Each structure stands twice: as structure tokens, then as C-alpha cells.
Amino acid sequence: MEREQSAQREQKVNANRREEFIDRVEYMSSLSRHEDVTQLDYPDPEDIYSPAEFKDAVLHLNEHGVNEHAFFAFWDTFGDKFALRPRELTIFFGSRGSYKSTVINYLVATSIMHRRQVGYLSYEMDTPYLLTLLAEQMGNSSNITPGYVSSCIDYAQPYLHLINEMVDTPAKALGKIEYMLQSGCKLVVLDCLQRIHMPQNDMNLEREFVVHLTTMAREHNAHIIIVHHSRKGSTALGDNPKPVIDDLKGSGGLADNAHNVVACWSDKQKKDELFWIDLRKANDMSQATDAERKAELEAEPDVLLMVKKQRLSGFEGNIGLWRTPGRAFHSKGGRVAKYTPGD
């Protein structure tokens with residue numbers, strides 16, 4: 001009973017902090033300086049814990065591991081590389097054309113095919129286009145029929161919570177995410193952070209916004225994904241360099257406060273080479289080495305998910321993904337999930 005009351009107090013404190021953050025955003029909208037806060041706020045004795053109070057939880061974690069309640073996404077069906085664990089926040093970043101939003105959209109598609117409730121704040125794509133892409137990915141086809149699209153939308157109805165806006169304020173975005181979490185969503189995606197207007201482009205407010213999202217993920221036992229853009233890489237590494245964690249815009253505060261950081265990189269050279277090989281074949285101008293080169297290229301992944309940080313797991317490395325004509329994805333040897341009406 002005492003712990004329940006303590007949890008309720010914690011939720012109340014976190015709610016008050018969010019209100020203070022919203023007030024601060026409004027304050028920053030009219031002023032160009034931060035308010036100095038120096039007064040100490042001492043905790044209640046009940047807010048200080050002893051190790052013994054966590055003994056049962058520690059023993060349970062020791063027996064079942066960190067992935068006990070995780071969702072194994074399409075890129076890691078065995079959960080030995082990067083699973084979506086509850087109570088965590090992941091930042092997913094990449095440059096233009098890296099397929100980061102398409103990959104995340106397919107994550108949403110596969111999640112609802114597993115009958116999981118998902119909150120999707122997509123400020124990047126107009127909602128009708130987003131749902132069209134979702135249906136194509138669910139059918140793994142670029143030639144889906146109107147009847148199939150209608151069936152996909154009907155199927156998604158109980159599981160998918162959407163917005164229909166292109167830009168938002170921090171306060172309204174936090175309110176939408178809180179509503180989705182309270183509605184039962186265990187995965188919430190925000191695409192992308194740059195569409196949340198921070199007064200005067202203040203990086204400290206952006207960092208605080210992410211901190212509040214980590215708190216909300218913990219409160220609701222959910223996973224939150226933020227999609228973000230990366231800085232332009234060094235031209236010394238070519239026109240399509242693989243990103244490093246410092247390429248994450250606002251990387252200091254954002255990367256430090258996220259549980260996981262994943263970069264998305266697409267092999268544009270592979271795409272270009274395959275285009276010219278196919279074009280030559282269509283015009284009966286194939287070169288002697290085209291068939292061999294095409295086989296080599298198709299054996300290489302189209303996209304790399306580059307796990308740059310993972311707080312509760314030791315894996316940091318690359319996960320290769322292959323893209324289908326229907327804009328779905330699969331790992332090496334993996335199977336593309338597909339929705340069949342009536343399932």
C-alpha cells in the first residue's frame with residue numbers, strides 16, 4: 001500500500017514537472033534567457049529506497065533477462081541484437097534518403113499485424129499517403145487493390161492511433177503522446193523531432209522534451225521511438241558517408257538521455273548500380289559482367305541499422321535489411337510479414 005502511494009506520488013511529481021516544462025516553453029517564447037533555479041527541494045523520506053526493497057525484482061531480472069517483455073521487431077526476430085523493451089526510449093536517425101521513415105513505418109505495420117496498439121505521430125508524411133504506404137507494406141506489393149487497402153484500414157482501426165498535422169508545439173505533442181499511452185499504446189513513434197517547434201530553437205528545451213518522454217515511457221511501461229535527422233557527413237568520406245553518433249543533431253543532450261540510439265543508412269551506390277544494370281538489360285545493352293555484378297549487389301543489404309548505443313544490451317553493431325518492391329523489409333534469411341484479409 002505504501003509503495004502504491006509512493007508510485008502515485010511519483011506520477012504526480014512527473015506530471016508537475018511536465019507542467020513546469022510547458023510553462024517554461026511558454027516563457028521562452030517571449031524571453032531569450034532561462035530562468036535560474038537554485039532553491040533546493042528536499043525529498044520525502046519515503047522517496048529514498050534501500051537495496052533490499054528491490055531484491056525480488058533483481059532476482060526476477062536475473063532469471064528472465066532484460067528482454068522478458070520486449071517486442072522482437074522484424075529486424076531481430078530472436079531478440080539477440082536489438083529488441084524494443086518497455087520503459088525505454090530510442091532515437092532513430094539518418095540523413096535524407098536513408099529510408100529511416102520507411103523502416104519505421106514498416107515497424108508500425110508489423111506491430112499492428114501482431115495486434116499491438118501503436119501511437120504514431122507522423123509529422124513527415126501526409127496521413128493518406130502514410131496509410132497507403134502502410135497498406136503496401138502490409139501486402140508487400142506496390143500494386144494493391146482498393147479492396148485490399150480498405151481491408152487494411154479496417155484491420156488497423158483498433159490498433160493504430162494517428163495524428164493529421166505537419167508541425168506541433170512541445171506541450172501539444174506531449175499531450176498527444178500521453179493520451180496515446182493512456183489509451184493502451186505500448187509503442188509510440190514520433191517522426192520527426194524537428195517538426196516539434198522549440199522556441200528560439202533552444203537545444204536545452206529539446207533535451208528536456210526528450211527527458212520527459214523517457215519518464216512517460218517508464219510510467220506507462222511502453223517504448224517510445226523518436227525519429228530525427230542527422231547532420232551532413234564529411235564530404236571526405238564521399239557523398240553518402242555512414243553516420244556516427246555525433247552526426248545526430250543536438251547529439252550531446254539527446255544521445256545521453258536516450259536508452260538506445262540507432263542510425264539508418266542506405267546503400268545508394270547499390271541502388272544506382274542496379275538501376276543502370278537493369279536499364280542496360282531492358283535496352284539489350286547488357287555488359288558481360290552485369291549478371292555477376294548484379295548477384296553480388298543483391299547479396300548486400302539495402303539498408304543498415306547501425307546500433308550506436310544500447311543501454312541494457314551489449315550489442316552495438318550493424319543489422320542488414322533488404323528492401324522489397326512493396327517497400328517492406330527483411331533481415332538476411334528472414335521472411336516478410338504479410339497481412340491476409342480474414343486473418
# chains A, B, ... in the order shown; residues from 1 in each chain; ligands from 1
call {"tool": "select_by_dssp", "arguments": {"residues": "region 16-150 of chain A", "states": "alpha helix (DSSP H)", "output": "mmCIF file with C-alpha atoms, in the first residue's frame"}}
result
data_model
loop_
_atom_site.group_PDB
_atom_site.id
_atom_site.type_symbol
_atom_site.label_atom_id
_atom_site.label_comp_id
_atom_site.auth_asym_id
_atom_site.auth_seq_id
_atom_site.Cartn_x
_atom_site.Cartn_y
_atom_site.Cartn_z
ATOM 1 C CA ASN A 16 4.023 18.618 -12.236
ATOM 2 C CA ARG A 17 7.441 18.583 -13.921
ATOM 3 C CA ARG A 18 5.798 18.380 -17.325
ATOM 4 C CA GLU A 19 3.555 21.306 -16.431
ATOM 5 C CA GLU A 20 6.631 23.264 -15.354
ATOM 6 C CA PHE A 21 8.322 22.361 -18.648
ATOM 7 C CA ILE A 22 5.300 23.577 -20.608
ATOM 8 C CA ASP A 23 5.301 26.812 -18.609
ATOM 9 C CA ARG A 24 8.976 27.189 -19.357
ATOM 10 C CA VAL A 25 8.398 26.699 -23.091
ATOM 11 C CA GLU A 26 5.791 29.452 -22.999
ATOM 12 C CA TYR A 27 8.197 31.618 -21.032
ATOM 13 C CA MET A 28 10.971 31.021 -23.578
ATOM 14 C CA SER A 29 8.606 32.012 -26.365
ATOM 15 C CA SER A 30 8.653 35.571 -25.091
ATOM 16 C CA LYS A 55 15.628 -7.789 -4.128
ATOM 17 C CA ASP A 56 12.659 -9.635 -5.673
ATOM 18 C CA ALA A 57 12.828 -7.504 -8.808
ATOM 19 C CA VAL A 58 16.573 -8.103 -9.138
ATOM 20 C CA LEU A 59 16.174 -11.869 -8.747
ATOM 21 C CA HIS A 60 13.380 -11.875 -11.335
ATOM 22 C CA LEU A 61 15.545 -9.878 -13.767
ATOM 23 C CA ASN A 62 18.447 -12.232 -13.162
ATOM 24 C CA GLU A 63 16.276 -15.227 -14.047
ATOM 25 C CA HIS A 64 14.355 -13.840 -17.041
ATOM 26 C CA LYS A 100 14.516 5.813 -41.846
ATOM 27 C CA SER A 101 10.838 6.803 -42.046
ATOM 28 C CA THR A 102 10.035 3.888 -44.375
ATOM 29 C CA VAL A 103 11.693 1.428 -41.983
ATOM 30 C CA ILE A 104 9.813 2.901 -39.031
ATOM 31 C CA ASN A 105 6.556 2.808 -40.988
ATOM 32 C CA TYR A 106 7.135 -0.904 -41.637
ATOM 33 C CA LEU A 107 7.785 -1.379 -37.910
ATOM 34 C CA VAL A 108 4.352 0.154 -37.281
ATOM 35 C CA ALA A 109 2.810 -2.123 -39.946
ATOM 36 C CA THR A 110 4.309 -5.285 -38.453
ATOM 37 C CA SER A 111 3.375 -4.190 -34.931
ATOM 38 C CA ILE A 112 -0.311 -3.842 -35.759
ATOM 39 C CA MET A 113 -0.155 -7.157 -37.650
ATOM 40 C CA THR A 127 -1.813 10.831 -43.367
ATOM 41 C CA PRO A 128 -3.487 9.435 -46.540
ATOM 42 C CA TYR A 129 -0.039 8.800 -48.047
ATOM 43 C CA LEU A 130 1.152 7.224 -44.802
ATOM 44 C CA LEU A 131 -1.816 4.823 -44.772
ATOM 45 C CA THR A 132 -1.246 3.990 -48.442
ATOM 46 C CA LEU A 133 2.371 3.097 -47.673
ATOM 47 C CA LEU A 134 1.204 1.087 -44.691
ATOM 48 C CA ALA A 135 -1.180 -0.957 -46.860
ATOM 49 C CA GLU A 136 1.521 -1.577 -49.488
ATOM 50 C CA GLN A 137 3.892 -2.778 -46.789
ATOM 51 C CA MET A 138 1.240 -4.994 -45.210
ATOM 52 C CA GLY A 139 0.639 -6.580 -48.621
ATOM 53 C CA PRO A 146 -8.693 -0.633 -53.413
ATOM 54 C CA GLY A 147 -10.394 -3.549 -51.678
ATOM 55 C CA TYR A 148 -7.150 -4.621 -50.050
ATOM 56 C CA VAL A 149 -6.421 -1.039 -48.918
ATOM 57 C CA SER A 150 -9.900 -0.830 -47.381
#
call {"tool": "residues_around", "arguments": {"residues": "region 207-210 of chain A", "least_positions_apart": "6", "cutoff": "8 Å", "atoms": "only C-alpha atoms", "output": "MDAnalysis selection string"}}
result
chainID A and resid 21 170 253:254 257:258
call {"tool": "write_last_selection", "arguments": {"atoms": "C-alpha atoms", "output": "PDB file, in the first residue's frame"}}
result
ATOM      1  CA  PHE A  21       8.322  22.361 -18.648  1.00  0.00           C
ATOM      2  CA  PRO A 170       6.119  20.646 -27.286  1.00  0.00           C
ATOM      3  CA  GLY A 253      21.820  16.022 -24.800  1.00  0.00           C
ATOM      4  CA  LEU A 254      19.741  13.716 -26.997  1.00  0.00           C
ATOM      5  CA  ASN A 257      19.262  10.811 -22.388  1.00  0.00           C
ATOM      6  CA  ALA A 258      18.078   8.089 -24.791  1.00  0.00           C
TER       7      ALA A 258
END
call {"tool": "select_by_dssp", "arguments": {"residues": "region 147-306 of chain A", "states": "strand (DSSP E)", "output": "PyMOL selection string"}}
result
chain A and resi 160-162+187-191+223-229+260-266+303-306
call {"tool": "write_last_selection", "arguments": {"atoms": "N, CA and C atoms", "output": "mmCIF file, in the first residue's frame"}}
result
data_model
loop_
_atom_site.group_PDB
_atom_site.id
_atom_site.type_symbol
_atom_site.label_atom_id
_atom_site.label_comp_id
_atom_site.auth_asym_id
_atom_site.auth_seq_id
_atom_site.Cartn_x
_atom_site.Cartn_y
_atom_site.Cartn_z
ATOM 1 N N LEU A 160 -4.280 1.284 -34.343
ATOM 2 C CA LEU A 160 -3.435 2.398 -34.764
ATOM 3 C C LEU A 160 -4.059 3.734 -34.388
ATOM 4 N N HIS A 161 -3.296 4.547 -33.666
ATOM 5 C CA HIS A 161 -3.726 5.886 -33.250
ATOM 6 C C HIS A 161 -2.864 6.899 -34.007
ATOM 7 N N LEU A 162 -3.502 7.802 -34.754
ATOM 8 C CA LEU A 162 -2.792 8.697 -35.664
ATOM 9 C C LEU A 162 -3.063 10.168 -35.345
ATOM 10 N N LEU A 187 3.720 1.044 -27.897
ATOM 11 C CA LEU A 187 4.738 1.616 -28.775
ATOM 12 C C LEU A 187 4.204 2.939 -29.285
ATOM 13 N N VAL A 188 4.991 3.990 -29.129
ATOM 14 C CA VAL A 188 4.634 5.308 -29.659
ATOM 15 C C VAL A 188 5.814 5.813 -30.477
ATOM 16 N N VAL A 189 5.514 6.271 -31.684
ATOM 17 C CA VAL A 189 6.540 6.768 -32.604
ATOM 18 C C VAL A 189 6.289 8.240 -32.887
ATOM 19 N N LEU A 190 7.349 9.048 -32.794
ATOM 20 C CA LEU A 190 7.286 10.461 -33.169
ATOM 21 C C LEU A 190 8.255 10.682 -34.326
ATOM 22 N N ASP A 191 7.720 11.078 -35.486
ATOM 23 C CA ASP A 191 8.521 11.265 -36.684
ATOM 24 C C ASP A 191 8.166 12.622 -37.307
ATOM 25 N N HIS A 223 7.379 1.641 -24.973
ATOM 26 C CA HIS A 223 8.586 2.018 -25.715
ATOM 27 C C HIS A 223 8.243 3.197 -26.617
ATOM 28 N N ILE A 224 9.104 4.222 -26.586
ATOM 29 C CA ILE A 224 8.902 5.407 -27.416
ATOM 30 C C ILE A 224 10.075 5.544 -28.377
ATOM 31 N N ILE A 225 9.763 5.782 -29.650
ATOM 32 C CA ILE A 225 10.787 5.992 -30.681
ATOM 33 C C ILE A 225 10.681 7.416 -31.205
ATOM 34 N N ILE A 226 11.805 8.113 -31.223
ATOM 35 C CA ILE A 226 11.886 9.442 -31.836
ATOM 36 C C ILE A 226 12.731 9.323 -33.092
ATOM 37 N N VAL A 227 12.179 9.757 -34.221
ATOM 38 C CA VAL A 227 12.936 9.807 -35.463
ATOM 39 C C VAL A 227 13.526 11.212 -35.602
ATOM 40 N N HIS A 228 14.800 11.265 -35.988
ATOM 41 C CA HIS A 228 15.474 12.564 -36.070
ATOM 42 C C HIS A 228 16.412 12.563 -37.271
ATOM 43 N N HIS A 229 16.741 13.754 -37.735
ATOM 44 C CA HIS A 229 17.666 13.889 -38.855
ATOM 45 C C HIS A 229 19.105 13.935 -38.354
ATOM 46 N N ASN A 260 18.569 4.036 -26.192
ATOM 47 C CA ASN A 260 19.145 3.433 -27.397
ATOM 48 C C ASN A 260 19.257 4.493 -28.483
ATOM 49 N N VAL A 261 20.300 4.384 -29.292
ATOM 50 C CA VAL A 261 20.478 5.262 -30.442
ATOM 51 C C VAL A 261 20.811 4.386 -31.644
ATOM 52 N N VAL A 262 20.006 4.522 -32.711
ATOM 53 C CA VAL A 262 20.174 3.703 -33.908
ATOM 54 C C VAL A 262 20.248 4.614 -35.128
ATOM 55 N N ALA A 263 21.295 4.442 -35.934
ATOM 56 C CA ALA A 263 21.420 5.178 -37.188
ATOM 57 C C ALA A 263 20.933 4.316 -38.337
ATOM 58 N N CYS A 264 20.340 4.970 -39.329
ATOM 59 C CA CYS A 264 19.857 4.271 -40.518
ATOM 60 C C CYS A 264 20.656 4.777 -41.723
ATOM 61 N N TRP A 265 21.189 3.835 -42.510
ATOM 62 C CA TRP A 265 22.000 4.185 -43.671
ATOM 63 C C TRP A 265 21.602 3.319 -44.852
ATOM 64 N N SER A 266 21.376 3.942 -46.000
ATOM 65 C CA SER A 266 21.018 3.182 -47.201
ATOM 66 C C SER A 266 22.186 3.161 -48.176
ATOM 67 N N VAL A 303 19.878 -1.584 -46.671
ATOM 68 C CA VAL A 303 19.861 -0.651 -45.542
ATOM 69 C C VAL A 303 20.622 -1.267 -44.378
ATOM 70 N N LEU A 304 21.331 -0.434 -43.650
ATOM 71 C CA LEU A 304 21.967 -0.863 -42.404
ATOM 72 C C LEU A 304 21.322 -0.128 -41.244
ATOM 73 N N LEU A 305 20.883 -0.878 -40.245
ATOM 74 C CA LEU A 305 20.535 -0.296 -38.953
ATOM 75 C C LEU A 305 21.792 -0.397 -38.095
ATOM 76 N N MET A 306 22.326 0.740 -37.726
ATOM 77 C CA MET A 306 23.603 0.797 -37.018
ATOM 78 C C MET A 306 23.331 1.150 -35.559
#
call {"tool": "closest_residue", "arguments": {"among": "A:Asp278, A:Glu68, A:Asp80, A:Glu178", "to": "Glu316 (chain A)", "atoms": "only C-alpha atoms"}}
result
A:Asp80
call {"tool": "atom_distance", "arguments": {"atom1": "CA of Gly334 (chain A)", "atom2": "CA of Lys242 (chain A)"}}
result
24.0 Å
call {"tool": "closest_residue", "arguments": {"among": "A:Met125, A:Ile163, A:Ile144, A:Ile91", "to": "Ile177 (chain A)", "atoms": "only C-alpha atoms"}}
result
A:Ile163
call {"tool": "closest_residue", "arguments": {"among": "A:Glu53, A:Asp290, A:Asp302, A:Asp272", "to": "His330 (chain A)", "atoms": "only C-alpha atoms"}}
result
A:Asp302
call {"tool": "atom_distance", "arguments": {"atom1": "CA of Asp239 (chain A)", "atom2": "CA of Asp267 (chain A)"}}
result
11.2 Å
call {"tool": "residues_around", "arguments": {"residues": "Arg311 (chain A)", "least_positions_apart": "4", "cutoff": "12 Å", "atoms": "only C-alpha atoms", "output": "PyMOL selection string"}}
result
chain A and resi 66+82-85+87-90+255-262+307+315-316
call {"tool": "write_last_selection", "arguments": {"atoms": "C-alpha atoms", "output": "short mmCIF file (atom, residue, chain, number, x, y, z; two decimals), in the first residue's frame"}}
result
data_model
loop_
_atom_site.label_atom_id
_atom_site.label_comp_id
_atom_site.auth_asym_id
_atom_site.auth_seq_id
_atom_site.Cartn_x
_atom_site.Cartn_y
_atom_site.Cartn_z
CA VAL A 66 16.06 -7.74 -19.89
CA PHE A 82 18.15 -5.09 -30.66
CA ALA A 83 14.70 -5.63 -29.19
CA LEU A 84 12.14 -2.98 -28.24
CA ARG A 85 11.99 -3.18 -24.47
CA ARG A 87 10.27 1.57 -20.30
CA GLU A 88 12.82 2.71 -22.89
CA LEU A 89 13.26 5.47 -25.45
CA THR A 90 15.07 5.01 -28.77
CA ALA A 255 22.07 10.72 -27.15
CA ASP A 256 22.91 10.93 -23.45
CA ASN A 257 19.26 10.81 -22.39
CA ALA A 258 18.08 8.09 -24.79
CA HIS A 259 18.34 4.42 -23.81
CA ASN A 260 19.15 3.43 -27.40
CA VAL A 261 20.48 5.26 -30.44
CA VAL A 262 20.17 3.70 -33.91
CA VAL A 307 23.07 0.33 -33.28
CA PHE A 315 25.18 -5.47 -28.86
CA GLU A 316 26.41 -2.46 -30.78
#
call {"tool": "atom_distance", "arguments": {"atom1": "CA of Ala171 (chain A)", "atom2": "CA of Arg195 (chain A)"}}
result
13.0 Å
call {"tool": "residues_around", "arguments": {"residues": "Thr215 (chain A)", "least_positions_apart": "4", "cutoff": "8 Å", "atoms": "only C-alpha atoms", "output": "list in words"}}
result
Asn14, Val211 and Glu219 of chain A
call {"tool": "residues_around", "arguments": {"residues": "Asn140 (chain A)", "least_positions_apart": "2", "cutoff": "8 Å", "atoms": "only C-alpha atoms", "output": "compact mmCIF listing (two decimals) with C-alpha atoms, in the first residue's frame"}}
result
# COMPACT_ATOMS: atom_id res chain seq x y z
CA GLU A 136 1.52 -1.58 -49.49
CA GLN A 137 3.89 -2.78 -46.79
CA MET A 138 1.24 -4.99 -45.21
CA SER A 142 3.17 -1.87 -54.92
CA THR A 324 11.29 -5.33 -51.34
CA PRO A 325 9.41 -3.69 -54.27
CA GLY A 326 6.49 -3.27 -51.85
CA ARG A 327 8.77 -1.19 -49.57
CA ALA A 328 8.76 -3.87 -46.87
CA VAL A 336 8.48 -10.61 -44.98
CA ALA A 337 5.36 -10.34 -42.84
CA LYS A 338 2.17 -10.08 -44.93
call {"tool": "residues_around", "arguments": {"residues": "Lys268 (chain A)", "least_positions_apart": "5", "cutoff": "12 Å", "atoms": "only C-alpha atoms", "output": "list in words"}}
result
Ser95, Arg96, Gly97, Ser98, Tyr99, Gly238, Asp239, Asn240, Pro241, Lys242, Glu273, Leu274, Phe275, Leu297, Glu300, Pro301, Asp302, Val303 and Leu304 of chain A
call {"tool": "write_last_selection", "arguments": {"atoms": "C-alpha atoms", "output": "PDB file, in the first residue's frame"}}
result
ATOM      1  CA  SER A  95      20.145  11.538 -43.472  1.00  0.00           C
ATOM      2  CA  ARG A  96      17.670  12.270 -46.255  1.00  0.00           C
ATOM      3  CA  GLY A  97      17.061   9.205 -48.384  1.00  0.00           C
ATOM      4  CA  SER A  98      18.247   6.755 -45.726  1.00  0.00           C
ATOM      5  CA  TYR A  99      14.790   5.083 -45.577  1.00  0.00           C
ATOM      6  CA  GLY A 238      32.053  10.536 -50.090  1.00  0.00           C
ATOM      7  CA  ASP A 239      28.537  11.789 -50.772  1.00  0.00           C
ATOM      8  CA  ASN A 240      26.893   9.069 -48.667  1.00  0.00           C
ATOM      9  CA  PRO A 241      29.012   8.547 -45.523  1.00  0.00           C
ATOM     10  CA  LYS A 242      27.899   6.123 -42.836  1.00  0.00           C
ATOM     11  CA  GLU A 273      24.360   0.335 -59.981  1.00  0.00           C
ATOM     12  CA  LEU A 274      21.285  -1.914 -60.094  1.00  0.00           C
ATOM     13  CA  PHE A 275      19.341   0.811 -61.907  1.00  0.00           C
ATOM     14  CA  LEU A 297      24.975  -6.430 -55.253  1.00  0.00           C
ATOM     15  CA  GLU A 300      24.464  -6.982 -49.945  1.00  0.00           C
ATOM     16  CA  PRO A 301      21.823  -5.306 -47.725  1.00  0.00           C
ATOM     17  CA  ASP A 302      19.971  -2.240 -48.982  1.00  0.00           C
ATOM     18  CA  VAL A 303      19.861  -0.651 -45.542  1.00  0.00           C
ATOM     19  CA  LEU A 304      21.967  -0.863 -42.404  1.00  0.00           C
TER      20      LEU A 304
END
call {"tool": "closest_residue", "arguments": {"among": "A:Asp126, A:Pro86, A:Met198, A:Gln157", "to": "Ala217 (chain A)", "atoms": "only C-alpha atoms"}}
result
A:Pro86
